[in-house]
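**Q** What follows is the file entry20.pdb, containing PDB, C-alpha atoms:
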MODEL        1
ATOM      1  CA  MET A   1       0.000   0.000   0.000  1.00  0.00           C
ATOM      2  CA  ILE A   2       1.150   3.535  -0.794  1.00  0.00           C
ATOM      3  CA  GLU A   3       0.017   6.370   1.443  1.00  0.00           C
ATOM      4  CA  ILE A   4       0.554   9.974   0.348  1.00  0.00           C
ATOM      5  CA  LYS A   5       0.068  12.288   3.300  1.00  0.00           C
ATOM      6  CA  ASN A   6      -0.169  16.091   3.228  1.00  0.00           C
ATOM      7  CA  LEU A   7       2.386  16.370   0.444  1.00  0.00           C
ATOM      8  CA  THR A   8       3.437  19.891  -0.611  1.00  0.00           C
ATOM      9  CA  LYS A   9       5.959  20.821  -3.312  1.00  0.00           C
ATOM     10  CA  SER A  10       7.245  24.055  -4.803  1.00  0.00           C
ATOM     11  CA  PHE A  11      10.145  25.066  -7.023  1.00  0.00           C
ATOM     12  CA  ASN A  12      11.809  28.412  -6.292  1.00  0.00           C
ATOM     13  CA  ASN A  13       8.750  29.577  -4.347  1.00  0.00           C
ATOM     14  CA  ASN A  14       6.443  28.534  -7.202  1.00  0.00           C
ATOM     15  CA  LEU A  15       3.857  26.218  -5.652  1.00  0.00           C
ATOM     16  CA  VAL A  16       3.137  23.050  -7.640  1.00  0.00           C
ATOM     17  CA  TRP A  17       0.516  21.612  -5.272  1.00  0.00           C
ATOM     18  CA  GLU A  18      -0.067  21.440  -1.533  1.00  0.00           C
ATOM     19  CA  ASP A  19      -1.583  19.116   1.060  1.00  0.00           C
ATOM     20  CA  VAL A  20      -2.013  16.215  -1.388  1.00  0.00           C
ATOM     21  CA  THR A  21      -3.381  13.195   0.480  1.00  0.00           C
ATOM     22  CA  PHE A  22      -4.663   9.869  -0.856  1.00  0.00           C
ATOM     23  CA  ARG A  23      -4.028   6.133  -0.600  1.00  0.00           C
ATOM     24  CA  ILE A  24      -3.252   3.510  -3.235  1.00  0.00           C
ATOM     25  CA  ASP A  25      -4.418   0.083  -2.081  1.00  0.00           C
ATOM     26  CA  ASP A  26      -2.638  -3.089  -3.132  1.00  0.00           C
ATOM     27  CA  GLY A  27      -3.872  -4.375  -6.475  1.00  0.00           C
ATOM     28  CA  ASP A  28      -5.457  -1.091  -7.561  1.00  0.00           C
ATOM     29  CA  THR A  29      -4.742   0.758 -10.767  1.00  0.00           C
ATOM     30  CA  ILE A  30      -4.934   4.479 -10.115  1.00  0.00           C
ATOM     31  CA  ALA A  31      -4.874   7.132 -12.819  1.00  0.00           C
ATOM     32  CA  VAL A  32      -3.504  10.557 -11.951  1.00  0.00           C
ATOM     33  CA  ILE A  33      -5.020  13.109 -14.321  1.00  0.00           C
ATOM     34  CA  GLY A  34      -4.935  16.837 -14.851  1.00  0.00           C
ATOM     35  CA  ARG A  35      -3.909  19.522 -17.301  1.00  0.00           C
ATOM     36  CA  SER A  36      -0.345  19.793 -18.606  1.00  0.00           C
ATOM     37  CA  GLY A  37       1.855  21.435 -15.994  1.00  0.00           C
ATOM     38  CA  CYS A  38      -0.336  20.510 -13.008  1.00  0.00           C
ATOM     39  CA  GLY A  39       2.413  18.382 -11.456  1.00  0.00           C
ATOM     40  CA  LYS A  40       1.411  14.822 -12.368  1.00  0.00           C
ATOM     41  CA  SER A  41       4.954  13.674 -13.174  1.00  0.00           C
ATOM     42  CA  VAL A  42       6.286  15.629 -10.191  1.00  0.00           C
ATOM     43  CA  LEU A  43       3.991  13.578  -7.977  1.00  0.00           C
ATOM     44  CA  LEU A  44       5.205  10.363  -9.573  1.00  0.00           C
ATOM     45  CA  LYS A  45       8.818  11.293  -8.814  1.00  0.00           C
ATOM     46  CA  HIS A  46       7.927  11.843  -5.154  1.00  0.00           C
ATOM     47  CA  ILE A  47       6.510   8.345  -4.812  1.00  0.00           C
ATOM     48  CA  ASN A  48       9.908   6.730  -5.447  1.00  0.00           C
ATOM     49  CA  ALA A  49      11.941   9.618  -3.962  1.00  0.00           C
ATOM     50  CA  LEU A  50      13.434  11.001  -7.152  1.00  0.00           C
ATOM     51  CA  LEU A  51      12.146  14.297  -5.716  1.00  0.00           C
ATOM     52  CA  TYR A  52      11.674  15.341  -2.090  1.00  0.00           C
ATOM     53  CA  PRO A  53       8.640  17.267  -0.790  1.00  0.00           C
ATOM     54  CA  ASP A  54       8.668  20.581   1.050  1.00  0.00           C
ATOM     55  CA  SER A  55       6.466  18.870   3.636  1.00  0.00           C
ATOM     56  CA  GLY A  56       4.409  15.710   4.042  1.00  0.00           C
ATOM     57  CA  GLU A  57       5.406  12.099   3.493  1.00  0.00           C
ATOM     58  CA  VAL A  58       5.046   9.096   1.230  1.00  0.00           C
ATOM     59  CA  LEU A  59       4.721   5.724   2.969  1.00  0.00           C
ATOM     60  CA  ILE A  60       5.551   2.617   0.953  1.00  0.00           C
ATOM     61  CA  ASP A  61       4.234  -0.404   2.856  1.00  0.00           C
ATOM     62  CA  GLY A  62       4.522   1.645   6.025  1.00  0.00           C
ATOM     63  CA  GLU A  63       8.019   3.051   5.382  1.00  0.00           C
ATOM     64  CA  ASN A  64       8.575   6.772   4.790  1.00  0.00           C
ATOM     65  CA  ILE A  65      10.722   6.595   1.655  1.00  0.00           C
ATOM     66  CA  HIS A  66      12.064  10.120   2.089  1.00  0.00           C
ATOM     67  CA  ALA A  67      13.312   9.377   5.611  1.00  0.00           C
ATOM     68  CA  LEU A  68      15.413   6.347   4.663  1.00  0.00           C
ATOM     69  CA  ASP A  69      19.173   6.277   4.202  1.00  0.00           C
ATOM     70  CA  TYR A  70      20.563   5.734   0.700  1.00  0.00           C
ATOM     71  CA  VAL A  71      20.966   1.951   0.971  1.00  0.00           C
ATOM     72  CA  SER A  72      17.491   1.380   2.437  1.00  0.00           C
ATOM     73  CA  GLN A  73      15.933   3.746  -0.087  1.00  0.00           C
ATOM     74  CA  ARG A  74      17.606   1.978  -2.978  1.00  0.00           C
ATOM     75  CA  LYS A  75      16.325  -1.373  -1.704  1.00  0.00           C
ATOM     76  CA  LEU A  76      12.789  -0.015  -1.363  1.00  0.00           C
ATOM     77  CA  ARG A  77      12.916   1.367  -4.907  1.00  0.00           C
ATOM     78  CA  GLN A  78      13.337  -2.190  -6.175  1.00  0.00           C
ATOM     79  CA  LYS A  79       9.650  -2.669  -5.394  1.00  0.00           C
ATOM     80  CA  PHE A  80       8.973  -0.344  -8.336  1.00  0.00           C
ATOM     81  CA  GLY A  81       9.061  -0.772 -12.070  1.00  0.00           C
ATOM     82  CA  ILE A  82       8.835   2.332 -14.259  1.00  0.00           C
ATOM     83  CA  LEU A  83       7.674   2.753 -17.830  1.00  0.00           C
ATOM     84  CA  PHE A  84       9.055   6.141 -18.846  1.00  0.00           C
ATOM     85  CA  GLN A  85       7.227   8.419 -21.254  1.00  0.00           C
ATOM     86  CA  GLY A  86       9.940   8.052 -23.890  1.00  0.00           C
ATOM     87  CA  SER A  87      10.612   4.403 -22.933  1.00  0.00           C
ATOM     88  CA  ALA A  88      14.256   5.313 -22.048  1.00  0.00           C
ATOM     89  CA  LEU A  89      15.787   2.364 -23.898  1.00  0.00           C
ATOM     90  CA  PHE A  90      19.528   2.122 -24.475  1.00  0.00           C
ATOM     91  CA  ASP A  91      20.178   2.708 -28.182  1.00  0.00           C
ATOM     92  CA  SER A  92      23.486   0.851 -28.179  1.00  0.00           C
ATOM     93  CA  ILE A  93      22.083  -2.563 -27.196  1.00  0.00           C
ATOM     94  CA  ASN A  94      19.324  -4.771 -28.569  1.00  0.00           C
ATOM     95  CA  THR A  95      15.895  -5.604 -27.137  1.00  0.00           C
ATOM     96  CA  PHE A  96      17.095  -8.633 -25.181  1.00  0.00           C
ATOM     97  CA  GLU A  97      19.915  -6.706 -23.512  1.00  0.00           C
ATOM     98  CA  ASN A  98      17.644  -3.757 -22.686  1.00  0.00           C
ATOM     99  CA  VAL A  99      15.269  -6.038 -20.816  1.00  0.00           C
ATOM    100  CA  ALA A 100      18.114  -8.004 -19.237  1.00  0.00           C
ATOM    101  CA  PHE A 101      19.871  -4.883 -17.919  1.00  0.00           C
ATOM    102  CA  PRO A 102      18.162  -4.744 -14.471  1.00  0.00           C
ATOM    103  CA  LEU A 103      18.850  -8.455 -13.938  1.00  0.00           C
ATOM    104  CA  ARG A 104      22.531  -7.995 -14.697  1.00  0.00           C
ATOM    105  CA  TYR A 105      22.744  -4.933 -12.455  1.00  0.00           C
ATOM    106  CA  PHE A 106      20.679  -6.038  -9.453  1.00  0.00           C
ATOM    107  CA  THR A 107      20.932  -9.850  -9.388  1.00  0.00           C
ATOM    108  CA  LYS A 108      23.478 -12.642  -9.598  1.00  0.00           C
ATOM    109  CA  LEU A 109      21.430 -14.871 -11.877  1.00  0.00           C
ATOM    110  CA  SER A 110      23.154 -17.128 -14.374  1.00  0.00           C
ATOM    111  CA  GLU A 111      22.983 -16.363 -18.102  1.00  0.00           C
ATOM    112  CA  SER A 112      20.516 -19.216 -18.523  1.00  0.00           C
ATOM    113  CA  GLU A 113      18.250 -17.831 -15.794  1.00  0.00           C
ATOM    114  CA  ILE A 114      18.480 -14.325 -17.258  1.00  0.00           C
ATOM    115  CA  SER A 115      17.567 -15.638 -20.700  1.00  0.00           C
ATOM    116  CA  ASP A 116      14.524 -17.469 -19.349  1.00  0.00           C
ATOM    117  CA  LYS A 117      13.258 -14.404 -17.481  1.00  0.00           C
ATOM    118  CA  VAL A 118      13.817 -12.045 -20.409  1.00  0.00           C
ATOM    119  CA  MET A 119      11.988 -14.290 -22.852  1.00  0.00           C
ATOM    120  CA  GLN A 120       9.105 -14.707 -20.404  1.00  0.00           C
ATOM    121  CA  ALA A 121       8.811 -10.928 -20.019  1.00  0.00           C
ATOM    122  CA  LEU A 122       8.910 -10.429 -23.794  1.00  0.00           C
ATOM    123  CA  THR A 123       6.177 -13.046 -24.150  1.00  0.00           C
ATOM    124  CA  TYR A 124       4.022 -11.117 -21.678  1.00  0.00           C
ATOM    125  CA  VAL A 125       4.228  -8.032 -23.924  1.00  0.00           C
ATOM    126  CA  ASN A 126       3.828 -10.009 -27.168  1.00  0.00           C
ATOM    127  CA  LEU A 127       7.391  -9.392 -28.380  1.00  0.00           C
ATOM    128  CA  GLU A 128       8.915 -12.851 -28.064  1.00  0.00           C
ATOM    129  CA  GLY A 129      10.143 -12.631 -31.681  1.00  0.00           C
ATOM    130  CA  ALA A 130      11.864  -9.276 -31.236  1.00  0.00           C
ATOM    131  CA  ALA A 131      14.648 -10.207 -28.814  1.00  0.00           C
ATOM    132  CA  LYS A 132      17.445  -9.569 -31.314  1.00  0.00           C
ATOM    133  CA  LYS A 133      16.009  -6.356 -32.770  1.00  0.00           C
ATOM    134  CA  GLU A 134      18.076  -3.220 -32.326  1.00  0.00           C
ATOM    135  CA  THR A 135      16.395  -0.251 -30.649  1.00  0.00           C
ATOM    136  CA  SER A 136      16.528   1.672 -33.939  1.00  0.00           C
ATOM    137  CA  GLU A 137      14.373  -1.036 -35.551  1.00  0.00           C
ATOM    138  CA  LEU A 138      11.534  -0.673 -33.030  1.00  0.00           C
ATOM    139  CA  SER A 139       8.360   1.315 -33.639  1.00  0.00           C
ATOM    140  CA  GLY A 140       7.019   3.640 -30.952  1.00  0.00           C
ATOM    141  CA  GLY A 141       4.585   1.015 -29.705  1.00  0.00           C
ATOM    142  CA  MET A 142       7.273  -1.672 -29.656  1.00  0.00           C
ATOM    143  CA  ARG A 143       9.562   0.611 -27.653  1.00  0.00           C
ATOM    144  CA  LYS A 144       6.807   1.039 -25.062  1.00  0.00           C
ATOM    145  CA  ARG A 145       6.366  -2.712 -24.832  1.00  0.00           C
ATOM    146  CA  VAL A 146      10.105  -3.323 -24.464  1.00  0.00           C
ATOM    147  CA  GLY A 147      10.117  -0.666 -21.754  1.00  0.00           C
ATOM    148  CA  LEU A 148       7.243  -2.462 -20.028  1.00  0.00           C
ATOM    149  CA  ALA A 149       9.042  -5.818 -20.242  1.00  0.00           C
ATOM    150  CA  ARG A 150      12.062  -4.200 -18.576  1.00  0.00           C
ATOM    151  CA  ALA A 151       9.805  -2.608 -15.933  1.00  0.00           C
ATOM    152  CA  ILE A 152       8.415  -5.989 -14.846  1.00  0.00           C
ATOM    153  CA  ILE A 153      11.636  -8.015 -15.097  1.00  0.00           C
ATOM    154  CA  LEU A 154      12.466  -7.704 -11.376  1.00  0.00           C
ATOM    155  CA  GLU A 155       8.923  -8.740 -10.434  1.00  0.00           C
ATOM    156  CA  PRO A 156       8.010  -5.414  -8.797  1.00  0.00           C
ATOM    157  CA  LYS A 157       5.063  -4.867  -6.501  1.00  0.00           C
ATOM    158  CA  TYR A 158       4.317  -1.493  -8.104  1.00  0.00           C
ATOM    159  CA  ILE A 159       4.540  -0.174 -11.661  1.00  0.00           C
ATOM    160  CA  MET A 160       4.533   3.522 -12.478  1.00  0.00           C
ATOM    161  CA  TYR A 161       3.510   4.563 -15.980  1.00  0.00           C
ATOM    162  CA  ASP A 162       4.408   8.087 -17.123  1.00  0.00           C
ATOM    163  CA  GLU A 163       2.110   9.022 -20.034  1.00  0.00           C
ATOM    164  CA  PRO A 164       2.188   5.468 -21.439  1.00  0.00           C
ATOM    165  CA  THR A 165       0.086   6.251 -24.537  1.00  0.00           C
ATOM    166  CA  SER A 166       1.681   9.597 -25.368  1.00  0.00           C
ATOM    167  CA  GLY A 167       2.620   9.917 -29.035  1.00  0.00           C
ATOM    168  CA  LEU A 168       0.930   6.673 -30.073  1.00  0.00           C
ATOM    169  CA  ASP A 169      -1.811   6.151 -32.638  1.00  0.00           C
ATOM    170  CA  PRO A 170      -5.211   5.071 -31.229  1.00  0.00           C
ATOM    171  CA  LYS A 171      -4.800   1.374 -32.089  1.00  0.00           C
ATOM    172  CA  THR A 172      -1.340   1.144 -30.546  1.00  0.00           C
ATOM    173  CA  ALA A 173      -2.513   3.127 -27.517  1.00  0.00           C
ATOM    174  CA  ASP A 174      -5.314   0.585 -27.013  1.00  0.00           C
ATOM    175  CA  GLU A 175      -2.746  -2.224 -27.156  1.00  0.00           C
ATOM    176  CA  ILE A 176      -0.702  -0.528 -24.412  1.00  0.00           C
ATOM    177  CA  ASN A 177      -3.831  -0.011 -22.302  1.00  0.00           C
ATOM    178  CA  GLU A 178      -4.673  -3.694 -22.676  1.00  0.00           C
ATOM    179  CA  LEU A 179      -1.159  -4.597 -21.527  1.00  0.00           C
ATOM    180  CA  ILE A 180      -1.468  -2.347 -18.461  1.00  0.00           C
ATOM    181  CA  THR A 181      -4.642  -4.189 -17.486  1.00  0.00           C
ATOM    182  CA  ALA A 182      -3.114  -7.576 -18.285  1.00  0.00           C
ATOM    183  CA  MET A 183      -0.001  -6.875 -16.182  1.00  0.00           C
ATOM    184  CA  ALA A 184      -2.139  -5.811 -13.225  1.00  0.00           C
ATOM    185  CA  GLU A 185      -4.220  -8.981 -13.412  1.00  0.00           C
ATOM    186  CA  ARG A 186      -1.556 -11.527 -14.374  1.00  0.00           C
ATOM    187  CA  LEU A 187       1.169 -10.325 -12.004  1.00  0.00           C
ATOM    188  CA  ASN A 188      -1.048  -8.841  -9.255  1.00  0.00           C
ATOM    189  CA  ILE A 189       0.749  -5.511  -9.617  1.00  0.00           C
ATOM    190  CA  THR A 190      -0.403  -2.177  -8.205  1.00  0.00           C
ATOM    191  CA  SER A 191      -0.285   0.430 -10.972  1.00  0.00           C
ATOM    192  CA  ILE A 192       0.017   4.215 -11.010  1.00  0.00           C
ATOM    193  CA  VAL A 193      -0.751   5.735 -14.416  1.00  0.00           C
ATOM    194  CA  ILE A 194       0.089   9.376 -15.103  1.00  0.00           C
ATOM    195  CA  THR A 195      -1.980  10.528 -18.055  1.00  0.00           C
ATOM    196  CA  HIS A 196      -4.156  13.220 -19.608  1.00  0.00           C
ATOM    197  CA  ASP A 197      -5.759  10.639 -21.918  1.00  0.00           C
ATOM    198  CA  MET A 198      -9.301  10.019 -20.669  1.00  0.00           C
ATOM    199  CA  HIS A 199      -9.753   7.128 -23.087  1.00  0.00           C
ATOM    200  CA  SER A 200      -6.856   5.405 -21.326  1.00  0.00           C
ATOM    201  CA  VAL A 201      -8.315   6.235 -17.898  1.00  0.00           C
ATOM    202  CA  LEU A 202     -11.617   4.601 -18.793  1.00  0.00           C
ATOM    203  CA  GLN A 203      -9.845   1.473 -19.988  1.00  0.00           C
ATOM    204  CA  VAL A 204      -7.388   0.853 -17.150  1.00  0.00           C
ATOM    205  CA  ALA A 205      -8.280   2.703 -13.943  1.00  0.00           C
ATOM    206  CA  ASP A 206      -9.959   1.523 -10.759  1.00  0.00           C
ATOM    207  CA  LYS A 207      -9.564   4.923  -9.095  1.00  0.00           C
ATOM    208  CA  VAL A 208      -8.756   8.443 -10.265  1.00  0.00           C
ATOM    209  CA  ALA A 209      -6.856  11.341  -8.685  1.00  0.00           C
ATOM    210  CA  PHE A 210      -7.476  14.750 -10.300  1.00  0.00           C
ATOM    211  CA  LEU A 211      -4.808  17.408  -9.769  1.00  0.00           C
ATOM    212  CA  ASP A 212      -6.101  20.933 -10.340  1.00  0.00           C
ATOM    213  CA  GLU A 213      -5.694  24.434  -8.905  1.00  0.00           C
ATOM    214  CA  LYS A 214      -2.459  23.418  -7.136  1.00  0.00           C
ATOM    215  CA  LYS A 215      -4.101  20.686  -5.070  1.00  0.00           C
ATOM    216  CA  LEU A 216      -5.724  17.266  -5.215  1.00  0.00           C
ATOM    217  CA  SER A 217      -9.056  18.557  -6.437  1.00  0.00           C
ATOM    218  CA  TRP A 218     -10.919  15.231  -6.604  1.00  0.00           C
ATOM    219  CA  PHE A 219     -10.317  11.564  -5.764  1.00  0.00           C
ATOM    220  CA  GLY A 220     -12.602   8.558  -6.183  1.00  0.00           C
ATOM    221  CA  THR A 221     -13.481   5.414  -8.087  1.00  0.00           C
ATOM    222  CA  LEU A 222     -13.917   5.296 -11.837  1.00  0.00           C
ATOM    223  CA  GLN A 223     -17.680   4.960 -11.439  1.00  0.00           C
ATOM    224  CA  GLU A 224     -17.766   7.918  -9.044  1.00  0.00           C
ATOM    225  CA  MET A 225     -15.845   9.952 -11.612  1.00  0.00           C
ATOM    226  CA  LYS A 226     -18.398   9.102 -14.303  1.00  0.00           C
ATOM    227  CA  ASN A 227     -21.201  10.318 -12.017  1.00  0.00           C
ATOM    228  CA  SER A 228     -19.348  13.312 -10.572  1.00  0.00           C
ATOM    229  CA  GLU A 229     -20.702  16.849 -10.834  1.00  0.00           C
ATOM    230  CA  HIS A 230     -17.418  18.427  -9.736  1.00  0.00           C
ATOM    231  CA  PRO A 231     -17.301  21.383 -12.186  1.00  0.00           C
ATOM    232  CA  ARG A 232     -13.550  21.420 -12.904  1.00  0.00           C
ATOM    233  CA  LEU A 233     -13.437  17.636 -13.302  1.00  0.00           C
ATOM    234  CA  VAL A 234     -16.447  17.665 -15.606  1.00  0.00           C
ATOM    235  CA  ASP A 235     -14.841  20.417 -17.704  1.00  0.00           C
ATOM    236  CA  PHE A 236     -11.612  18.420 -17.971  1.00  0.00           C
ATOM    237  CA  ILE A 237     -13.423  15.233 -19.001  1.00  0.00           C
ATOM    238  CA  THR A 238     -15.601  17.073 -21.512  1.00  0.00           C
ATOM    239  CA  ALA A 239     -12.590  18.757 -23.112  1.00  0.00           C
ATOM    240  CA  SER A 240     -10.769  15.410 -23.275  1.00  0.00           C
ATOM    241  CA  GLU A 241     -13.751  13.692 -24.911  1.00  0.00           C
ATOM    242  CA  TYR A 242     -13.989  16.488 -27.486  1.00  0.00           C
ATOM    243  CA  GLN A 243     -10.309  16.086 -28.303  1.00  0.00           C
ATOM    244  CA  ILE A 244     -10.697  12.305 -28.685  1.00  0.00           C
ATOM    245  CA  LYS A 245     -13.613  12.748 -31.096  1.00  0.00           C
ATOM    246  CA  SER A 246     -11.729  15.409 -33.057  1.00  0.00           C
ATOM    247  CA  ASN A 247      -8.695  13.154 -33.423  1.00  0.00           C
ATOM    248  CA  GLN A 248     -10.872  10.408 -34.889  1.00  0.00           C
ATOM    249  CA  TYR A 249     -11.555  12.604 -37.903  1.00  0.00           C
ATOM    250  CA  THR A 250      -8.045  13.973 -38.475  1.00  0.00           C
TER     251      THR A 250
ENDMDL
END
Can you give me the file's structure in the form of structure tokens?

**A**
Amino acid sequence: MIEIKNLTKSFNNNLVWEDVTFRIDDGDTIAVIGRSGCGKSVLLKHINALLYPDSGEVLIDGENIHALDYVSQRKLRQKFGILFQGSALFDSINTFENVAFPLRYFTKLSESEISDKVMQALTYVNLEGAAKKETSELSGGMRKRVGLARAIILEPKYIMYDEPTSGLDPKTADEINELITAMAERLNITSIVITHDMHSVLQVADKVAFLDEKKLSWFGTLQEMKNSEHPRLVDFITASEYQIKSNQYT
């Protein structure tokens, strides 16, 4: 379980958000939504202590990640897998080696064991035939899937997705959304999805956190979001739906 308590962050006296409080229960997929610049990715970086808050705390299974020493913090971070917005693959090595990298860095597995785990992860993301492909040969959607295979290779308890469908065509975006759902169900992973794509939210989320006006403006289940009359949330959803429909005809 992840507990975010009274979190406040600013940069050079410019407030990003304040007093953000919510809980992510084990097994849930939570979507964090909001306009560009509202601090969605900043929040994500606080959850695994890539950034530190001005005040408040983030508890990972009861441990305040920002209060830990370097060694303990690094160990706790191994509970997380991350799919970066740009996939963050190494261009100089092939698909297999990209996925194998965390195993080589964090474990003492044999080459045979590494090979088995990498091929299993690639099978999960439907890329079992792409192990020898160079990064330059991969499409945008394939890069995302390789990034996801690498994110799950250490069998994390939590996966964080930073704009997982950004820059993808609708069909490929749907494939990534299906994989997010499949990973949550197959591996019993708790997922945090940073996105402004309401189509993705409707496909993958159990709960939704809406960042707006420098605070957590709304939090609830997907069904509660659909029925909500919160004016700023309704405006955001309506604008997103209009954009989705417009993109279908462009």

**Q** Give me the result of the PyMOL selection byres ((chain A and resi 81) around 9) on this file, residue by residue, as a count of residues only.

**A** 19

**Q** Could you name the residues that touch range 14-23 of chain A at 7 Å or less, counting all atoms listed in the file, but leaving out those on the same chain fewer than 4 positions away, as a list in words?

**A**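 Close residues of range 14-23 of chain A: Ile2, Glu3, Ile4, Lys5, Asn6, Leu7, Thr8, Lys9, Ser10, Cys38, Gly39, Lys214, Lys215 and Leu216 of chain A.
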
**Q** Which residues fall under the PyMOL selection byres ((chain A and resi 187-202) around 6) in this file, as an MDAnalysis selection string?

**A** chainID A and resid 26:33 157:163 183:186 203:205

**Q** Report, in Å with one decimal, the straight-line distance from CA of Ala173 in chain A to CA of Leu103 in chain A.

**A** 27.8 Å

**Q** Pull out every residue that the PyMOL selection byres ((chain A and resi 59) around 10) matches in the shown coordinates and put them as a list of chain:residue names.

**A**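 When the PyMOL selection byres ((chain A and resi 59) around 10) is applied, the selected residues are A:Met1, A:Ile2, A:Glu3, A:Ile4, A:Lys5, A:Arg23, A:Ile47, A:Asn48, A:Glu57, A:Val58, A:Ile60, A:Asp61, A:Gly62, A:Glu63, A:Asn64, A:Ile65, A:His66, A:Ala67.
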
**Q** Got time to write the residues from that selection, C-alpha atoms, as a PDB file, keeping the file's coordinate frame?

**A**
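To be explicit, this is the file written out as selection-v2.pdb:
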ATOM      1  CA  MET A   1       0.000   0.000   0.000  1.00  0.00           C
ATOM      2  CA  ILE A   2       1.150   3.535  -0.794  1.00  0.00           C
ATOM      3  CA  GLU A   3       0.017   6.370   1.443  1.00  0.00           C
ATOM      4  CA  ILE A   4       0.554   9.974   0.348  1.00  0.00           C
ATOM      5  CA  LYS A   5       0.068  12.288   3.300  1.00  0.00           C
ATOM      6  CA  ARG A  23      -4.028   6.133  -0.600  1.00  0.00           C
ATOM      7  CA  ILE A  47       6.510   8.345  -4.812  1.00  0.00           C
ATOM      8  CA  ASN A  48       9.908   6.730  -5.447  1.00  0.00           C
ATOM      9  CA  GLU A  57       5.406  12.099   3.493  1.00  0.00           C
ATOM     10  CA  VAL A  58       5.046   9.096   1.230  1.00  0.00           C
ATOM     11  CA  ILE A  60       5.551   2.617   0.953  1.00  0.00           C
ATOM     12  CA  ASP A  61       4.234  -0.404   2.856  1.00  0.00           C
ATOM     13  CA  GLY A  62       4.522   1.645   6.025  1.00  0.00           C
ATOM     14  CA  GLU A  63       8.019   3.051   5.382  1.00  0.00           C
ATOM     15  CA  ASN A  64       8.575   6.772   4.790  1.00  0.00           C
ATOM     16  CA  ILE A  65      10.722   6.595   1.655  1.00  0.00           C
ATOM     17  CA  HIS A  66      12.064  10.120   2.089  1.00  0.00           C
ATOM     18  CA  ALA A  67      13.312   9.377   5.611  1.00  0.00           C
TER      19      ALA A  67
END

**Q** Counting all atoms listed in the file, which of A:Thr238, A:Asn227, A:Ser72, A:Gln85 gets nearest to Arg143 in chain A?

**A**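 Once distances to Arg143 in chain A are computed over all atoms listed in the file, the minimum belongs to A:Gln85.
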
**Q** Just how far from CA of Ser166 in chain A is CA of Arg74 in chain A, in Å to one decimal?

**A**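 One can read the CA of Arg74 in chain A to CA of Ser166 in chain A distance as 28.5 Å.
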
**Q** Determine the nearest neighbour of Val146 in chain A from the options A:Phe236, A:Tyr70, A:Phe219, A:Phe84, counting all atoms listed in the file.

**A**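 The shortest atom-to-atom distance to Val146 in chain A comes from A:Phe84.
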
**Q** Expressed in Å to a single decimal, how great is the separation between CA of Asp169 in chain A and CA of Met142 in chain A?

**A**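 We find that CA of Asp169 in chain A and CA of Met142 in chain A lie 12.4 Å from each other.
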
**Q** From the set A:Ser36, A:Ser87, A:Thr165, A:Thr123, which residue has the shortest atom-to-atom contact distance to Thr135 in chain A, counting all atoms listed in the file?

**A** A:Ser87

**Q** Using all atoms listed in the file, can you tell me which of A:Asn126, A:Gly86, A:Leu109, A:Pro170 comes closest to Gly140 in chain A?

**A** A:Gly86

**Q** Go through A:Leu43, A:Ala130, A:Leu211, A:Leu68 and flag the residue nearest Asn98 in chain A, using all atoms listed in the file for the distances.

**A**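 Of all the options, A:Ala130 lies closest to Asn98 in chain A.
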
**Q** Go through A:Leu89, A:Ile237, A:Val208, A:Val42 one by one, measure the shortest atom-to-atom distance of each to Glu224 in chain A using all atoms listed in the file, and give the residue with the smallest value.

**A**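 Using all atoms listed in the file, Glu224 in chain A sits closest to A:Val208.
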